[in-house]
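Engineer: Dropping the structure in here first, questions after.
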Amino acid sequence: MHLLSEDKLNFKIDSKLRTTSILFIIIGIITLILQIIFPWHGHSETHGNPRLFFSLYLGFLVFLPITLGALFFVTIHHLSGASWSVTYRRLAENHFWFMPVVFLAFLILIFSGMDTIFHHWVHADHSDELIQHKSGWLNKSFFIIRNIIILLLWTLFGWLFWKYSTQQDLDGKFEHTPRLAKIAAVFAVLFGITISTTSWDFSMSLEPHWFSTIWAVYIFSGVLLSSFSALAIWSYFLKKAGYYENTLTEEHLHDLGKYLWGSSIFWAYVGIASQFLLIWYAHIPEETIFFAKRLYKEDFTHSPWAIISLLLVLIRFVIPFFLLIKRESKRNFQWMAIASFIILLGQVIDMYWVLYPTLDHNHFVLFSWQELGSLLLYTGIYIFVVSYGLTKSKLIPIKDPRLEECLHIHH
């Protein structure tokens, strides 16, 4: 198949996209300044300006999975030798450019707000035997060192994927394909280990008296949903702008849609069937405390968090399940973009549900302008950085040996 002209494969940031991203960044910065000027304390005057750091950390927990999931998508592509995903691969590879932003956000949060975000174990009473028992893992210096190393490793492998992929565009050498498969094999092992440890550190440690043996899998399901959704939204935007044309079709989107639909079911299986229901009917106190806080008040009346819990299931599973169950839905770029936006909204609700009950002694904290502002800041930077990354290479790997098969997929 004859490839398109250069202008269909060379992305240029248009003024509308640039203006939108900058506007989001400005709004986000303004809300951060307002939070600094007018700090929120809730029911406690301790721990500095807690909601400022929590709102920034919420954005971190939403956008890290998008970026990391894109790297995982590339990894699975190379390990499996898949052909259908060749033209999607470059879009995923370019998410590597956002990883340094995530790393910088982590440094700011850890060195400025760690005592606030993780105060449950950072400021734990020495009489708390359970926290002391976990102190070999949950201590500040080890926490900071291991996660800096992990984020740097993720950035390094993202760069390697992008480097050798774009190098193949220039020299056309086949040797890059097996090299990328070997790099993917190494990263797959590291990914399995690091996604587990960071899931414990970044989210489960917010409730340090609680644990779940399946928490890493739960977080992984959110990583899949977030990254597949982001790829679907980007492909809709780029197709609408006139890029790709016959190099990215509804056949490729259909395959991505199947992954997205399946991941939604996977999230429900892990989060509801394999975690919540098992913990609920086992009724072991040290396991139920996480869900008890998100369903009941201290007097065992229903908490407002219970509404968020139900909303989470609705947005994360029920609505996507029916939106994407039909074949036609998974082959419609606009429909997939709408469904993907809802699924990404589910990631926001999910991390809000995980994070915010720890903010103010389990008092309900309504999602407000603070959180919206921080999310807009991350969104603006994400759009700007990934767009910049797209301009650095062709939108598809034009000399990949499996490209021809990809272009004729399902024909």
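By order in the structure tokens, chains are A, B, ...; within a chain, residues start at 1; ligands start at 1, following the order shown.
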Within 12 Å of Pro178 (chain A), counting only C-alpha atoms, which residues show up once you throw out same-chain ones fewer than 6 positions away? Write them as a PyMOL selection string, please.
Structural biologist: chain A and resi 78-81+161+164-165+168+184-185+400-401
Engineer: Could you give me, as a PyMOL selection string, the residues within 12 Å of Ile144 (chain A), counting only C-alpha atoms and dropping anything in the same chain fewer than 6 positions from it?
Structural biologist: chain A and resi 103+106-111+114+137-138+150-151+198+201-202
Engineer: Excluding Asn94 (chain A) and residues on its chain fewer than 4 positions from it, collect all residues at most 8 Å away from it, counting only C-alpha atoms, and give them as a PyMOL selection string.
Structural biologist: chain A and resi 90+162+386+389-390
Engineer: Contacts of Leu152 (chain A) at 10 Å or less, counting only C-alpha atoms, minus same-chain residues fewer than 6 places along, as a list in words?
Structural biologist: Met99, Pro100, Phe103, Arg146 and Gly158 of chain A
Engineer: Name the residues in contact with region 271-280 of chain A at a cut-off of 8 Å, using only C-alpha atoms, excluding same-chain residues fewer than 3 positions from it; report them as a VMD selection string.
Structural biologist: chain A and resid 212 214 218 267 to 268 283 to 284 287 to 288 291
Engineer: Just how far from CA of Thr197 (chain A) is CA of Asn147 (chain A), in Å to one decimal?
Structural biologist: 8.7 Å
Engineer: I'd like to know which of A:Ser374, A:Thr301, A:Ser368, A:Ser199 is closest to Val354 (chain A), using only C-alpha atoms.
Structural biologist: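 That would be A:Ser199, the residue with the smallest distance to Val354 (chain A).
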Engineer: Can you tell me, as an mmCIF file with N, CA and C atoms, in the first residue's frame, what residues are no more than 12 Å from Val385 (chain A) when counting only C-alpha atoms, ignoring any on the same chain fewer than 2 positions away?
Structural biologist:
data_model
loop_
_atom_site.group_PDB
_atom_site.id
_atom_site.type_symbol
_atom_site.label_atom_id
_atom_site.label_comp_id
_atom_site.auth_asym_id
_atom_site.auth_seq_id
_atom_site.Cartn_x
_atom_site.Cartn_y
_atom_site.Cartn_z
ATOM 1 N N ILE A 13 1.816 21.167 15.460
ATOM 2 C CA ILE A 13 0.918 21.683 16.498
ATOM 3 C C ILE A 13 0.193 22.908 15.957
ATOM 4 N N LEU A 17 -4.747 23.890 19.295
ATOM 5 C CA LEU A 17 -4.247 22.936 20.279
ATOM 6 C C LEU A 17 -3.276 23.613 21.237
ATOM 7 N N ARG A 18 -2.395 24.448 20.694
ATOM 8 C CA ARG A 18 -1.428 25.157 21.539
ATOM 9 C C ARG A 18 -2.149 26.105 22.500
ATOM 10 N N SER A 21 -3.931 24.094 25.335
ATOM 11 C CA SER A 21 -3.010 23.571 26.347
ATOM 12 C C SER A 21 -2.479 24.690 27.239
ATOM 13 N N ILE A 22 -2.130 25.816 26.645
ATOM 14 C CA ILE A 22 -1.619 26.941 27.434
ATOM 15 C C ILE A 22 -2.702 27.496 28.354
ATOM 16 N N ILE A 25 -2.995 25.280 31.317
ATOM 17 C CA ILE A 25 -1.856 25.483 32.213
ATOM 18 C C ILE A 25 -2.027 26.764 33.032
ATOM 19 N N THR A 67 0.810 7.521 31.121
ATOM 20 C CA THR A 67 2.167 7.489 30.572
ATOM 21 C C THR A 67 2.778 6.100 30.681
ATOM 22 N N ASN A 94 5.452 8.064 21.962
ATOM 23 C CA ASN A 94 5.645 9.499 22.219
ATOM 24 C C ASN A 94 5.171 9.939 23.597
ATOM 25 N N HIS A 95 4.488 9.065 24.320
ATOM 26 C CA HIS A 95 4.141 9.383 25.708
ATOM 27 C C HIS A 95 5.372 9.393 26.607
ATOM 28 N N PHE A 96 6.462 8.817 26.107
ATOM 29 C CA PHE A 96 7.712 8.865 26.859
ATOM 30 C C PHE A 96 8.103 10.305 27.192
ATOM 31 N N TRP A 97 7.772 11.241 26.310
ATOM 32 C CA TRP A 97 8.155 12.635 26.527
ATOM 33 C C TRP A 97 7.509 13.225 27.778
ATOM 34 N N PHE A 98 6.407 12.640 28.214
ATOM 35 C CA PHE A 98 5.737 13.163 29.411
ATOM 36 C C PHE A 98 6.314 12.568 30.692
ATOM 37 N N MET A 99 7.092 11.493 30.581
ATOM 38 C CA MET A 99 7.637 10.865 31.780
ATOM 39 C C MET A 99 8.530 11.803 32.597
ATOM 40 N N PRO A 100 9.394 12.632 31.988
ATOM 41 C CA PRO A 100 10.163 13.583 32.803
ATOM 42 C C PRO A 100 9.279 14.559 33.582
ATOM 43 N N VAL A 101 8.120 14.912 33.018
ATOM 44 C CA VAL A 101 7.186 15.796 33.735
ATOM 45 C C VAL A 101 6.647 15.086 34.970
ATOM 46 N N VAL A 102 6.300 13.814 34.805
ATOM 47 C CA VAL A 102 5.828 13.013 35.936
ATOM 48 C C VAL A 102 6.916 12.905 36.990
ATOM 49 N N TYR A 378 -2.169 19.595 34.798
ATOM 50 C CA TYR A 378 -1.554 18.380 34.251
ATOM 51 C C TYR A 378 -2.006 18.140 32.810
ATOM 52 N N THR A 379 -3.296 18.341 32.542
ATOM 53 C CA THR A 379 -3.832 18.103 31.202
ATOM 54 C C THR A 379 -3.172 19.019 30.181
ATOM 55 N N GLY A 380 -3.042 20.293 30.539
ATOM 56 C CA GLY A 380 -2.409 21.247 29.630
ATOM 57 C C GLY A 380 -0.971 20.886 29.319
ATOM 58 N N ILE A 381 -0.226 20.518 30.360
ATOM 59 C CA ILE A 381 1.175 20.131 30.151
ATOM 60 C C ILE A 381 1.247 18.844 29.330
ATOM 61 N N TYR A 382 0.357 17.905 29.630
ATOM 62 C CA TYR A 382 0.331 16.627 28.912
ATOM 63 C C TYR A 382 0.063 16.838 27.425
ATOM 64 N N ILE A 383 -0.943 17.631 27.105
ATOM 65 C CA ILE A 383 -1.259 17.894 25.696
ATOM 66 C C ILE A 383 -0.080 18.558 25.000
ATOM 67 N N SER A 387 2.177 16.494 22.304
ATOM 68 C CA SER A 387 2.099 17.103 20.972
ATOM 69 C C SER A 387 3.491 17.437 20.456
ATOM 70 N N TYR A 388 4.316 17.978 21.330
ATOM 71 C CA TYR A 388 5.698 18.273 20.942
ATOM 72 C C TYR A 388 6.421 16.996 20.529
ATOM 73 N N GLY A 389 6.209 15.919 21.301
ATOM 74 C CA GLY A 389 6.831 14.650 20.968
ATOM 75 C C GLY A 389 6.399 14.135 19.608
ATOM 76 N N LEU A 390 5.138 14.347 19.262
ATOM 77 C CA LEU A 390 4.625 13.886 17.973
ATOM 78 C C LEU A 390 5.290 14.602 16.801
ATOM 79 N N THR A 391 5.752 15.822 17.035
ATOM 80 C CA THR A 391 6.402 16.572 15.953
ATOM 81 C C THR A 391 7.825 16.094 15.697
ATOM 82 N N LYS A 392 8.379 15.280 16.584
ATOM 83 C CA LYS A 392 9.784 14.880 16.492
ATOM 84 C C LYS A 392 10.012 13.692 15.563
#
Engineer: Which residues of region 180-252 of chain A have any atom within 7 Å of an atom in region 342-349 of chain A when counting only C-alpha atoms, and what is the closest pair of atoms for each, with the distance in Å to one decimal? Order the rows by chain and rising number and write it as a Markdown table.
Structural biologist:
| residue | atom | partner | partner_atom | distance |
| --- | --- | --- | --- | --- |
| A:Gly222 | CA | A:Gln347 | CA | 6.7 |
| A:Leu225 | CA | A:Ile343 | CA | 7.0 |
| A:Ser226 | CA | A:Leu344 | CA | 5.8 |
| A:Ser229 | CA | A:Leu344 | CA | 6.7 |
Engineer: Could you tell me how far CA of Gly113 (chain A) sits from CA of Phe53 (chain A), in Å to one decimal place?
Structural biologist: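 Between CA of Phe53 (chain A) and CA of Gly113 (chain A) the gap is 5.9 Å.
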Engineer: Neighbouring residues of Glu405 (chain A) were defined as those with any atom within 12 Å, considering only C-alpha atoms; residues of the same chain fewer than 2 positions away were excluded. Please report them as a ChimeraX atom specification.
Structural biologist: /A:1,81-87,247,252,400-403,407-411
Engineer: Okay, now the selection with C-alpha atoms, as a compact mmCIF listing (two decimals), in the first residue's frame?
Structural biologist:
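In the end it all went to part_31.txt:
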# COMPACT_ATOMS: atom_id res chain seq x y z
CA MET A 1 0.00 0.00 0.00
CA GLY A 81 5.36 -9.35 17.44
CA ALA A 82 1.91 -7.92 16.79
CA SER A 83 1.17 -6.35 13.44
CA TRP A 84 -2.20 -4.67 14.06
CA SER A 85 -0.69 -2.18 16.51
CA VAL A 86 2.22 -0.98 14.38
CA THR A 87 0.57 2.29 13.39
CA THR A 247 -2.72 4.03 7.76
CA HIS A 252 -7.09 -0.85 14.07
CA ASP A 400 8.83 -1.23 10.43
CA PRO A 401 8.99 -4.69 8.78
CA ARG A 402 5.42 -5.45 9.91
CA LEU A 403 3.96 -2.20 8.57
CA LEU A 407 -1.90 -1.70 6.67
CA HIS A 408 -3.76 -4.71 5.27
CA ILE A 409 -5.04 -5.98 8.62
CA HIS A 410 -8.39 -7.83 8.37
CA HIS A 411 -8.57 -7.20 4.62
Engineer: Among region 305-408 of chain A, which residues carry a DSSP assignment of alpha helix (DSSP H), reported as a VMD selection string?
Structural biologist: chain A and resid 305 to 313 319 to 323 333 to 355 369 to 390 403 to 407
Engineer: Limited to C-alpha atoms, could you put the picked residues into a file as a compact mmCIF listing (two decimals), in the first residue's frame?
Structural biologist:
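For reference, out.txt as written:
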# COMPACT_ATOMS: atom_id res chain seq x y z
CA TRP A 305 -18.17 8.31 50.23
CA ALA A 306 -20.61 5.46 49.61
CA ILE A 307 -22.12 7.51 46.76
CA ILE A 308 -18.65 7.92 45.25
CA SER A 309 -18.13 4.16 45.62
CA LEU A 310 -21.28 3.45 43.62
CA LEU A 311 -20.42 6.16 41.09
CA LEU A 312 -17.01 4.55 40.63
CA VAL A 313 -18.56 1.22 39.63
CA ILE A 319 -21.35 2.57 31.40
CA PRO A 320 -18.21 1.55 29.41
CA PHE A 321 -19.48 -2.03 29.23
CA PHE A 322 -22.65 -1.02 27.42
CA LEU A 323 -21.07 1.81 25.43
CA PHE A 333 -13.58 7.06 16.30
CA GLN A 334 -15.89 9.66 17.82
CA TRP A 335 -17.84 7.12 19.86
CA MET A 336 -14.63 5.57 21.14
CA ALA A 337 -13.33 9.01 22.12
CA ILE A 338 -16.50 9.73 24.11
CA ALA A 339 -16.35 6.36 25.86
CA SER A 340 -12.64 6.86 26.54
CA PHE A 341 -13.25 10.26 28.09
CA ILE A 342 -15.79 8.68 30.46
CA ILE A 343 -13.30 5.94 31.33
CA LEU A 344 -10.61 8.54 32.07
CA LEU A 345 -13.14 10.34 34.25
CA GLY A 346 -13.43 7.01 36.04
CA GLN A 347 -9.68 7.09 36.72
CA VAL A 348 -10.08 10.52 38.31
CA ILE A 349 -12.95 9.28 40.49
CA ASP A 350 -11.02 6.13 41.36
CA MET A 351 -7.93 7.98 42.58
CA TYR A 352 -10.09 10.60 44.33
CA TRP A 353 -11.86 7.71 46.11
CA VAL A 354 -8.52 6.16 47.10
CA LEU A 355 -6.78 9.39 48.11
CA TRP A 369 -12.07 23.84 42.05
CA GLN A 370 -8.82 22.83 43.73
CA GLU A 371 -8.85 19.39 42.15
CA LEU A 372 -10.19 20.66 38.83
CA GLY A 373 -7.44 23.27 38.63
CA SER A 374 -4.67 20.77 39.28
CA LEU A 375 -6.09 18.33 36.74
CA LEU A 376 -6.28 21.12 34.14
CA LEU A 377 -2.65 21.97 34.84
CA TYR A 378 -1.55 18.38 34.25
CA THR A 379 -3.83 18.10 31.20
CA GLY A 380 -2.41 21.25 29.63
CA ILE A 381 1.17 20.13 30.15
CA TYR A 382 0.33 16.63 28.91
CA ILE A 383 -1.26 17.89 25.70
CA PHE A 384 1.61 20.30 25.05
CA VAL A 385 4.41 17.81 25.76
CA VAL A 386 2.94 14.83 23.91
CA SER A 387 2.10 17.10 20.97
CA TYR A 388 5.70 18.27 20.94
CA GLY A 389 6.83 14.65 20.97
CA LEU A 390 4.63 13.89 17.97
CA LEU A 403 3.96 -2.20 8.57
CA GLU A 404 2.67 -3.70 5.32
CA GLU A 405 0.80 -6.42 7.23
CA CYS A 406 -0.61 -3.78 9.57
CA LEU A 407 -1.90 -1.70 6.67
